[in-house]
Amino acid sequence: MHKSRYNAPAITARPIHPADQAKGDEGERRFQVWLDASRLPHVYLDQTPMSVPEHLRGEIKRPDYVVGVPGVGAIAFDVKVKSLYNEHFIFELSEIRRMRTFARFFHITVYFACLDPGGSSESYWIRLDQFDNLAAERRGSTLTLSIPADAALPVSMRQSFHTAFLEAVTLA
């Protein structure tokens, strides 16, 4: 019997520490407040396992928001509260792979919005495809991808989302 890739072992996500979960929830809340204040259409994607078809659980990672950007269309954002390590943002390879699966299935551009853990309005955006040619590095037992901060798009949440988006992608 032929085994499809959908029957392959799922890519498992590591459990999230409660303090990290709280930090992430706060970042998502800050991002939503910004979207609300900017008066743009947006949808928060439910992150519960039941919101994904059973055969894709563990294979796909949903972003946090899909935002309707006037003149552009729908763009997905996964909000992170991340510190820099040696001027780099570090992501788990398994998360990037699962997000790529989402982007491929839904034909949508995905950005990681990296918010400042200190709560400032300054953030960085990294487009998912910027990870495509990076070599994985092992950090402990985890394979990771490292992207330099100067490869990310600086974004100020003091501006409206639409203005910040247009300025950021013009710089790219």
# chains A, B, ... in the order shown; residues from 1 in each chain; ligands from 1
call {"tool": "select_by_dssp", "arguments": {"residues": "chain A", "states": "alpha helix (DSSP H)", "output": "NGL selection string"}}
result
:A and (18-38 or 93-106 or 161-171)
call {"tool": "closest_atom_pairs", "arguments": {"of": "region 107-164 of chain A", "to": "region 62-86 of chain A", "cutoff": "8 Å", "atoms": "only C-alpha atoms", "output": "tab-separated table"}}
result
residue	atom	partner	partner_atom	distance
A:Ile108	CA	A:Ile75	CA	6.4
A:Thr109	CA	A:Ile75	CA	5.5
A:Val110	CA	A:Ala76	CA	4.6
A:Tyr111	CA	A:Phe77	CA	4.9
A:Phe112	CA	A:Asp78	CA	4.8
A:Ala113	CA	A:Val79	CA	4.8
A:Cys114	CA	A:Lys80	CA	4.7
A:Leu115	CA	A:Val81	CA	4.7
A:Asp116	CA	A:Val81	CA	5.9
A:Pro117	CA	A:Val81	CA	5.4
A:Ala149	CA	A:Leu84	CA	7.5
A:His162	CA	A:Val69	CA	6.7
call {"tool": "select_by_dssp", "arguments": {"residues": "region 80-145 of chain A", "states": "strand (DSSP E or B)", "output": "ChimeraX atom specification"}}
result
/A:80-81,85,88-92,109-115,122-127,137-139,142-145
call {"tool": "write_last_selection", "arguments": {"atoms": "C-alpha atoms", "output": "compact mmCIF listing (two decimals), in the first residue's frame"}}
result
# COMPACT_ATOMS: atom_id res chain seq x y z
CA LYS A 80 6.38 36.60 18.45
CA VAL A 81 7.84 38.34 21.47
CA TYR A 85 20.82 36.80 20.56
CA HIS A 88 20.00 37.40 15.50
CA PHE A 89 16.45 36.17 15.88
CA ILE A 90 16.31 32.41 16.55
CA PHE A 91 13.43 30.21 15.34
CA GLU A 92 12.85 26.48 15.70
CA THR A 109 2.46 35.48 2.34
CA VAL A 110 3.43 35.02 5.99
CA TYR A 111 5.41 37.41 8.17
CA PHE A 112 6.74 36.83 11.65
CA ALA A 113 6.12 40.03 13.63
CA CYS A 114 8.82 40.05 16.32
CA LEU A 115 7.74 42.39 19.10
CA GLU A 122 9.42 49.05 17.83
CA SER A 123 9.26 45.66 16.15
CA TYR A 124 10.81 43.68 13.32
CA TRP A 125 9.09 41.72 10.60
CA ILE A 126 10.60 38.69 8.88
CA ARG A 127 8.97 37.21 5.78
CA GLU A 137 21.98 24.94 13.50
CA ARG A 138 21.64 22.66 16.51
CA ARG A 139 21.06 24.44 19.82
CA THR A 142 16.69 21.57 18.86
CA LEU A 143 17.35 22.41 15.22
CA THR A 144 17.05 26.16 14.72
CA LEU A 145 17.33 28.84 12.08
call {"tool": "closest_residue", "arguments": {"among": "A:Ser94, A:Ser121, A:Tyr44, A:Arg57", "to": "Arg30 (chain A)", "atoms": "only C-alpha atoms"}}
result
A:Ser121
